[in-house]
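Structure file coords.cif with mmCIF, N, CA and C atoms:
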```
data_upload
loop_
_atom_site.group_PDB
_atom_site.id
_atom_site.type_symbol
_atom_site.label_atom_id
_atom_site.label_comp_id
_atom_site.auth_asym_id
_atom_site.auth_seq_id
_atom_site.Cartn_x
_atom_site.Cartn_y
_atom_site.Cartn_z
ATOM 1 N N ILE A 1 -5.686 -12.025 16.899
ATOM 2 C CA ILE A 1 -7.067 -11.633 17.054
ATOM 3 C C ILE A 1 -7.258 -11.224 18.515
ATOM 4 N N LYS A 2 -7.612 -9.981 18.747
ATOM 5 C CA LYS A 2 -7.798 -9.486 20.105
ATOM 6 C C LYS A 2 -8.996 -10.184 20.750
ATOM 7 N N ALA A 3 -8.813 -10.605 22.001
ATOM 8 C CA ALA A 3 -9.892 -11.274 22.745
ATOM 9 C C ALA A 3 -9.616 -11.145 24.233
ATOM 10 N N LYS A 4 -10.635 -11.358 25.041
ATOM 11 C CA LYS A 4 -10.465 -11.302 26.495
ATOM 12 C C LYS A 4 -9.750 -12.546 27.000
ATOM 13 N N LYS A 5 -8.881 -12.364 27.981
ATOM 14 C CA LYS A 5 -8.180 -13.481 28.585
ATOM 15 C C LYS A 5 -9.205 -14.489 29.103
ATOM 16 N N GLY A 6 -8.970 -15.755 28.776
ATOM 17 C CA GLY A 6 -9.843 -16.816 29.249
ATOM 18 C C GLY A 6 -10.977 -17.167 28.292
ATOM 19 N N THR A 7 -11.120 -16.412 27.178
ATOM 20 C CA THR A 7 -12.145 -16.742 26.192
ATOM 21 C C THR A 7 -11.927 -18.176 25.710
ATOM 22 N N LEU A 8 -12.992 -18.977 25.695
ATOM 23 C CA LEU A 8 -12.886 -20.381 25.298
ATOM 24 C C LEU A 8 -12.676 -20.511 23.796
ATOM 25 N N LEU A 9 -11.808 -21.455 23.404
ATOM 26 C CA LEU A 9 -11.557 -21.765 21.999
ATOM 27 C C LEU A 9 -12.134 -23.139 21.703
ATOM 28 N N HIS A 10 -12.778 -23.266 20.546
ATOM 29 C CA HIS A 10 -13.407 -24.520 20.139
ATOM 30 C C HIS A 10 -12.795 -24.996 18.828
ATOM 31 N N THR A 11 -12.690 -26.307 18.675
ATOM 32 C CA THR A 11 -12.217 -26.832 17.399
ATOM 33 C C THR A 11 -13.320 -26.650 16.353
ATOM 34 N N PRO A 12 -12.963 -26.182 15.144
ATOM 35 C CA PRO A 12 -13.974 -25.900 14.131
ATOM 36 C C PRO A 12 -14.499 -27.143 13.415
ATOM 37 N N ALA A 13 -13.829 -28.273 13.577
ATOM 38 C CA ALA A 13 -14.208 -29.511 12.883
ATOM 39 C C ALA A 13 -13.582 -30.684 13.635
ATOM 40 N N ASN A 14 -13.937 -31.890 13.255
ATOM 41 C CA ASN A 14 -13.277 -33.061 13.829
ATOM 42 C C ASN A 14 -11.786 -32.955 13.530
ATOM 43 N N ALA A 15 -10.950 -33.290 14.518
ATOM 44 C CA ALA A 15 -9.515 -33.076 14.359
ATOM 45 C C ALA A 15 -8.716 -33.993 15.274
ATOM 46 N N LYS A 16 -7.408 -34.021 15.012
ATOM 47 C CA LYS A 16 -6.441 -34.711 15.868
ATOM 48 C C LYS A 16 -5.439 -33.669 16.349
ATOM 49 N N VAL A 17 -5.069 -33.739 17.617
ATOM 50 C CA VAL A 17 -4.093 -32.806 18.189
ATOM 51 C C VAL A 17 -2.682 -33.267 17.796
ATOM 52 N N LEU A 18 -1.989 -32.430 17.024
ATOM 53 C CA LEU A 18 -0.605 -32.719 16.625
ATOM 54 C C LEU A 18 0.395 -32.240 17.672
ATOM 55 N N TRP A 19 0.077 -31.145 18.334
ATOM 56 C CA TRP A 19 0.958 -30.558 19.356
ATOM 57 C C TRP A 19 0.096 -29.839 20.377
ATOM 58 N N ALA A 20 0.449 -29.981 21.635
ATOM 59 C CA ALA A 20 -0.192 -29.233 22.715
ATOM 60 C C ALA A 20 0.866 -28.985 23.773
ATOM 61 N N GLY A 21 1.396 -27.771 23.795
ATOM 62 C CA GLY A 21 2.458 -27.451 24.739
ATOM 63 C C GLY A 21 3.015 -26.067 24.459
ATOM 64 N N LYS A 22 4.167 -25.796 25.048
ATOM 65 C CA LYS A 22 4.778 -24.480 24.912
ATOM 66 C C LYS A 22 5.800 -24.490 23.789
ATOM 67 N N LYS A 23 5.746 -23.460 22.945
ATOM 68 C CA LYS A 23 6.729 -23.248 21.888
ATOM 69 C C LYS A 23 7.433 -21.923 22.172
ATOM 70 N N LYS A 24 8.713 -21.871 21.876
ATOM 71 C CA LYS A 24 9.552 -20.733 22.251
ATOM 72 C C LYS A 24 8.928 -19.372 21.930
ATOM 73 N N ASP A 25 8.580 -19.127 20.689
ATOM 74 C CA ASP A 25 8.075 -17.808 20.300
ATOM 75 C C ASP A 25 6.560 -17.681 20.408
ATOM 76 N N PHE A 26 5.848 -18.793 20.307
ATOM 77 C CA PHE A 26 4.388 -18.773 20.267
ATOM 78 C C PHE A 26 3.718 -18.929 21.624
ATOM 79 N N GLY A 27 4.461 -19.289 22.650
ATOM 80 C CA GLY A 27 3.862 -19.535 23.957
ATOM 81 C C GLY A 27 3.058 -20.828 23.934
ATOM 82 N N TYR A 28 2.041 -20.912 24.765
ATOM 83 C CA TYR A 28 1.223 -22.123 24.811
ATOM 84 C C TYR A 28 0.467 -22.262 23.502
ATOM 85 N N THR A 29 0.656 -23.416 22.848
ATOM 86 C CA THR A 29 0.215 -23.618 21.475
ATOM 87 C C THR A 29 -0.492 -24.949 21.294
ATOM 88 N N ILE A 30 -1.514 -24.939 20.434
ATOM 89 C CA ILE A 30 -2.204 -26.166 20.016
ATOM 90 C C ILE A 30 -2.163 -26.208 18.496
ATOM 91 N N ASP A 31 -1.647 -27.313 17.945
ATOM 92 C CA ASP A 31 -1.674 -27.539 16.505
ATOM 93 C C ASP A 31 -2.635 -28.688 16.234
ATOM 94 N N LEU A 32 -3.573 -28.471 15.307
ATOM 95 C CA LEU A 32 -4.574 -29.477 14.961
ATOM 96 C C LEU A 32 -4.437 -29.885 13.510
ATOM 97 N N LEU A 33 -4.783 -31.153 13.225
ATOM 98 C CA LEU A 33 -4.955 -31.642 11.864
ATOM 99 C C LEU A 33 -6.432 -31.965 11.712
ATOM 100 N N LEU A 34 -7.121 -31.205 10.870
ATOM 101 C CA LEU A 34 -8.543 -31.418 10.641
ATOM 102 C C LEU A 34 -8.762 -32.543 9.645
ATOM 103 N N GLU A 35 -9.938 -33.134 9.674
ATOM 104 C CA GLU A 35 -10.248 -34.256 8.792
ATOM 105 C C GLU A 35 -10.087 -33.922 7.314
ATOM 106 N N ASP A 36 -10.279 -32.665 6.944
ATOM 107 C CA ASP A 36 -10.175 -32.286 5.531
ATOM 108 C C ASP A 36 -8.738 -31.997 5.103
ATOM 109 N N GLY A 37 -7.772 -32.193 6.010
ATOM 110 C CA GLY A 37 -6.365 -32.023 5.679
ATOM 111 C C GLY A 37 -5.771 -30.684 6.068
ATOM 112 N N ARG A 38 -6.597 -29.744 6.519
ATOM 113 C CA ARG A 38 -6.056 -28.458 6.957
ATOM 114 C C ARG A 38 -5.359 -28.611 8.305
ATOM 115 N N LYS A 39 -4.296 -27.828 8.486
ATOM 116 C CA LYS A 39 -3.638 -27.726 9.786
ATOM 117 C C LYS A 39 -3.965 -26.356 10.350
ATOM 118 N N MET A 40 -4.243 -26.316 11.649
ATOM 119 C CA MET A 40 -4.541 -25.046 12.311
ATOM 120 C C MET A 40 -3.690 -24.906 13.560
ATOM 121 N N ARG A 41 -3.241 -23.677 13.785
ATOM 122 C CA ARG A 41 -2.467 -23.361 14.990
ATOM 123 C C ARG A 41 -3.216 -22.308 15.792
ATOM 124 N N PHE A 42 -3.353 -22.573 17.084
ATOM 125 C CA PHE A 42 -3.930 -21.638 18.048
ATOM 126 C C PHE A 42 -2.816 -21.385 19.064
ATOM 127 N N ALA A 43 -2.337 -20.155 19.161
ATOM 128 C CA ALA A 43 -1.170 -19.883 20.003
ATOM 129 C C ALA A 43 -1.358 -18.645 20.864
ATOM 130 N N SER A 44 -0.411 -18.448 21.777
ATOM 131 C CA SER A 44 -0.399 -17.394 22.780
ATOM 132 C C SER A 44 -1.513 -17.620 23.806
ATOM 133 N N LEU A 45 -1.778 -18.892 24.086
ATOM 134 C CA LEU A 45 -2.890 -19.256 24.956
ATOM 135 C C LEU A 45 -2.566 -19.076 26.432
ATOM 136 N N TYR A 46 -3.606 -18.981 27.227
ATOM 137 C CA TYR A 46 -3.516 -18.933 28.677
ATOM 138 C C TYR A 46 -3.538 -20.356 29.242
ATOM 139 N N LYS A 47 -4.358 -21.208 28.629
ATOM 140 C CA LYS A 47 -4.503 -22.571 29.127
ATOM 141 C C LYS A 47 -4.794 -23.519 27.976
ATOM 142 N N ILE A 48 -4.155 -24.689 28.006
ATOM 143 C CA ILE A 48 -4.379 -25.763 27.037
ATOM 144 C C ILE A 48 -5.234 -26.836 27.717
ATOM 145 N N LEU A 49 -6.298 -27.244 27.045
ATOM 146 C CA LEU A 49 -7.231 -28.210 27.626
ATOM 147 C C LEU A 49 -7.279 -29.533 26.863
ATOM 148 N N VAL A 50 -6.284 -29.782 25.999
ATOM 149 C CA VAL A 50 -6.204 -31.022 25.229
ATOM 150 C C VAL A 50 -4.798 -31.591 25.343
ATOM 151 N N GLU A 51 -4.619 -32.816 24.843
ATOM 152 C CA GLU A 51 -3.312 -33.472 24.865
ATOM 153 C C GLU A 51 -2.936 -33.940 23.470
ATOM 154 N N LYS A 52 -1.635 -34.053 23.227
ATOM 155 C CA LYS A 52 -1.136 -34.541 21.937
ATOM 156 C C LYS A 52 -1.774 -35.893 21.611
ATOM 157 N N ASP A 53 -2.126 -36.075 20.345
ATOM 158 C CA ASP A 53 -2.739 -37.284 19.787
ATOM 159 C C ASP A 53 -4.212 -37.468 20.157
ATOM 160 N N GLN A 54 -4.769 -36.544 20.921
ATOM 161 C CA GLN A 54 -6.187 -36.627 21.275
ATOM 162 C C GLN A 54 -7.040 -36.395 20.031
ATOM 163 N N LYS A 55 -8.102 -37.170 19.893
ATOM 164 C CA LYS A 55 -9.054 -36.980 18.795
ATOM 165 C C LYS A 55 -10.206 -36.135 19.312
ATOM 166 N N LEU A 56 -10.605 -35.140 18.514
ATOM 167 C CA LEU A 56 -11.611 -34.165 18.929
ATOM 168 C C LEU A 56 -12.792 -34.157 17.978
ATOM 169 N N ASN A 57 -13.951 -33.885 18.528
ATOM 170 C CA ASN A 57 -15.146 -33.668 17.730
ATOM 171 C C ASN A 57 -15.340 -32.169 17.543
ATOM 172 N N ALA A 58 -15.954 -31.790 16.431
ATOM 173 C CA ALA A 58 -16.220 -30.378 16.152
ATOM 174 C C ALA A 58 -16.924 -29.738 17.334
ATOM 175 N N GLY A 59 -16.466 -28.548 17.723
ATOM 176 C CA GLY A 59 -17.096 -27.784 18.790
ATOM 177 C C GLY A 59 -16.527 -28.005 20.174
ATOM 178 N N GLU A 60 -15.638 -28.985 20.338
ATOM 179 C CA GLU A 60 -15.057 -29.226 21.664
ATOM 180 C C GLU A 60 -14.148 -28.068 22.074
ATOM 181 N N VAL A 61 -14.136 -27.754 23.356
ATOM 182 C CA VAL A 61 -13.255 -26.712 23.895
ATOM 183 C C VAL A 61 -11.832 -27.259 23.928
ATOM 184 N N ILE A 62 -10.887 -26.472 23.383
ATOM 185 C CA ILE A 62 -9.495 -26.919 23.320
ATOM 186 C C ILE A 62 -8.552 -26.081 24.176
ATOM 187 N N GLY A 63 -8.937 -24.856 24.487
ATOM 188 C CA GLY A 63 -8.059 -23.997 25.264
ATOM 189 C C GLY A 63 -8.704 -22.659 25.564
ATOM 190 N N LYS A 64 -7.885 -21.777 26.174
ATOM 191 C CA LYS A 64 -8.352 -20.443 26.555
ATOM 192 C C LYS A 64 -7.361 -19.388 26.071
ATOM 193 N N VAL A 65 -7.888 -18.282 25.580
ATOM 194 C CA VAL A 65 -7.079 -17.157 25.075
ATOM 195 C C VAL A 65 -6.207 -16.585 26.195
ATOM 196 N N GLY A 66 -5.003 -16.186 25.818
ATOM 197 C CA GLY A 66 -4.099 -15.586 26.791
ATOM 198 C C GLY A 66 -3.114 -14.639 26.126
ATOM 199 N N ALA A 67 -1.921 -14.561 26.708
ATOM 200 C CA ALA A 67 -0.865 -13.680 26.193
ATOM 201 C C ALA A 67 0.498 -14.303 26.469
ATOM 202 N N SER A 68 0.654 -15.592 26.136
ATOM 203 C CA SER A 68 1.879 -16.307 26.491
ATOM 204 C C SER A 68 2.989 -16.232 25.438
ATOM 205 N N ALA A 69 2.714 -15.654 24.272
ATOM 206 C CA ALA A 69 3.753 -15.516 23.250
ATOM 207 C C ALA A 69 4.809 -14.523 23.713
ATOM 208 N N ARG A 70 6.018 -14.702 23.227
ATOM 209 C CA ARG A 70 7.126 -13.850 23.666
ATOM 210 C C ARG A 70 6.858 -12.367 23.406
ATOM 211 N N SER A 71 6.241 -12.043 22.277
ATOM 212 C CA SER A 71 6.024 -10.637 21.927
ATOM 213 C C SER A 71 4.610 -10.141 22.251
ATOM 214 N N ALA A 72 3.851 -10.897 23.012
ATOM 215 C CA ALA A 72 2.465 -10.514 23.319
ATOM 216 C C ALA A 72 2.416 -9.232 24.145
ATOM 217 N N THR A 73 1.533 -8.330 23.752
ATOM 218 C CA THR A 73 1.335 -7.094 24.508
ATOM 219 C C THR A 73 -0.014 -7.080 25.218
ATOM 220 N N GLY A 74 -0.786 -8.134 25.040
ATOM 221 C CA GLY A 74 -2.090 -8.258 25.675
ATOM 222 C C GLY A 74 -2.758 -9.529 25.202
ATOM 223 N N PRO A 75 -3.880 -9.882 25.815
ATOM 224 C CA PRO A 75 -4.573 -11.114 25.442
ATOM 225 C C PRO A 75 -5.010 -11.090 23.976
ATOM 226 N N HIS A 76 -4.715 -12.182 23.288
ATOM 227 C CA HIS A 76 -5.087 -12.314 21.883
ATOM 228 C C HIS A 76 -4.943 -13.765 21.463
ATOM 229 N N LEU A 77 -5.484 -14.099 20.324
ATOM 230 C CA LEU A 77 -5.309 -15.417 19.734
ATOM 231 C C LEU A 77 -4.439 -15.279 18.503
ATOM 232 N N HIS A 78 -3.340 -16.011 18.485
ATOM 233 C CA HIS A 78 -2.549 -16.120 17.259
ATOM 234 C C HIS A 78 -3.117 -17.330 16.530
ATOM 235 N N PHE A 79 -3.683 -17.106 15.343
ATOM 236 C CA PHE A 79 -4.324 -18.172 14.579
ATOM 237 C C PHE A 79 -3.665 -18.291 13.220
ATOM 238 N N ALA A 80 -3.366 -19.521 12.807
ATOM 239 C CA ALA A 80 -2.814 -19.764 11.477
ATOM 240 C C ALA A 80 -3.453 -21.013 10.901
ATOM 241 N N GLU A 81 -3.621 -21.011 9.586
ATOM 242 C CA GLU A 81 -4.201 -22.156 8.888
ATOM 243 C C GLU A 81 -3.318 -22.507 7.705
ATOM 244 N N GLU A 82 -3.088 -23.803 7.504
ATOM 245 C CA GLU A 82 -2.276 -24.284 6.399
ATOM 246 C C GLU A 82 -3.060 -25.362 5.665
ATOM 247 N N ARG A 83 -3.119 -25.242 4.373
ATOM 248 C CA ARG A 83 -3.832 -26.232 3.566
ATOM 249 C C ARG A 83 -2.854 -27.321 3.159
ATOM 250 N N CYS A 84 -3.227 -28.582 3.401
ATOM 251 C CA CYS A 84 -2.415 -29.719 3.014
ATOM 252 C C CYS A 84 -3.189 -30.548 1.992
ATOM 253 N N ASP A 85 -2.509 -31.131 1.051
ATOM 254 C CA ASP A 85 -3.180 -31.960 0.053
ATOM 255 C C ASP A 85 -3.407 -33.378 0.546
ATOM 256 N N ARG A 86 -2.667 -33.783 1.564
ATOM 257 C CA ARG A 86 -2.799 -35.141 2.091
ATOM 258 C C ARG A 86 -3.371 -35.099 3.488
ATOM 259 N N LYS A 87 -4.247 -36.044 3.808
ATOM 260 C CA LYS A 87 -4.831 -36.107 5.143
ATOM 261 C C LYS A 87 -3.833 -36.628 6.173
ATOM 262 N N ASP A 88 -2.791 -37.320 5.722
ATOM 263 C CA ASP A 88 -1.815 -37.869 6.672
ATOM 264 C C ASP A 88 -0.585 -36.982 6.822
ATOM 265 N N ALA A 89 -0.647 -35.763 6.309
ATOM 266 C CA ALA A 89 0.510 -34.842 6.350
ATOM 267 C C ALA A 89 0.855 -34.461 7.770
#
```
Could you render the structure from this file as structure tokens?
Amino acid sequence: IKAKKGTLLHTPANAKVLWAGKKKDFGYTIDLLLEDGRKMRFASLYKILVEKDQKLNAGEVIGKVGASARSATGPHLHFAEERCDRKDA
């Protein structure tokens, strides 16, 4: 999703941070587990503002858009969502 560098990202619901750090192909990445069991990935970030295992309330700022993915050609958000049947997945 094309966006300006530094655009703030907010968690869409109460969540737990599963991963917050750099991944080889995705660059700076945040993986969340939402209360309803969905997993979300926000990647190619400029800045991460959360830590692994942190519990978040809906609307909290989690990071800033960037271009840190290996194949990034400009600022954007790489977003992915995965539906899980279990909340502890």
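Each of A:Ala15, A:Pro75, A:Lys23, A:Ile48 was checked against Glu35 (chain A) using all atoms listed in the file; the smallest atom-to-atom distance is that of A:Ala15.
One distance worth recording is that between atom C of Leu45 (chain A) and atom C of Lys16 (chain A), which is 18.0 Å.
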For this session: Check which residues satisfy the PyMOL selection byres ((chain A and resi 53) around 6.5) in the file shown, then give them as a VMD selection string.
Result: chain A and resid 16 to 19 51 to 52 54 to 55
Exercise. As a ChimeraX atom specification, which residues of chain A does DSSP assign to strand (DSSP E or B)?
Worked result: /A:2,8-10,15-23,27-34,39-48,55-56,61-66,76,78-82
Problem set entry | Minimum-distance residue to Lys4 (chain A), chosen among A:Ala80, A:Ile62, A:Ala67, A:Ala43 (using only C-alpha atoms) | A:Ala67
Exercise. From the list A:Ser71, A:Lys22, A:Phe79, A:Leu8, which residue is nearest Phe42 (chain A) when using only N, CA and C atoms?
Worked result: A:Phe79
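The space separating CA of Lys39 (chain A) from CA of Arg83 (chain A) comes to 6.4 Å.
Closest approach to Thr29 (chain A) among A:His76, A:Ala58, A:Thr7, A:Ser68 is made by A:Ser68 (distances from all atoms listed in the file).
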For this session: For atom C of Ala69 (chain A) and atom N of Asp36 (chain A), determine how far apart the two atoms are, in Å to one decimal place.
Result: 28.9 Å
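Each of A:Ala3, A:Phe26, A:Glu81, A:Thr11 was checked against Leu56 (chain A) using all atoms listed in the file; the smallest atom-to-atom distance is that of A:Thr11.
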Problem set entry | Selection under test: the PyMOL selection byres ((chain A and resi 59) around 6.5); residues as a list in words | His10, Thr11, Pro12, Ala13, Asn14, Asn57, Ala58, Glu60 and Val61 of chain A
Exercise. From the set A:Leu77, A:Ala72, A:Leu34, A:Val65, which residue has the shortest atom-to-atom contact distance to Leu9 (chain A), counting all atoms listed in the file?
Worked result: A:Val65
Build an axis-aligned box that encloses every atom of region 40-57 of chain A listed in the file, pad it by 5 Å on each side, and report its centre and edge lengths in Å to one decimal, as AutoDock Vina command-line options.
```
--center_x -7.9 --center_y -27.4 --center_z 20.4 --size_x 24.9 --size_y 30.1 --size_z 27.6
```
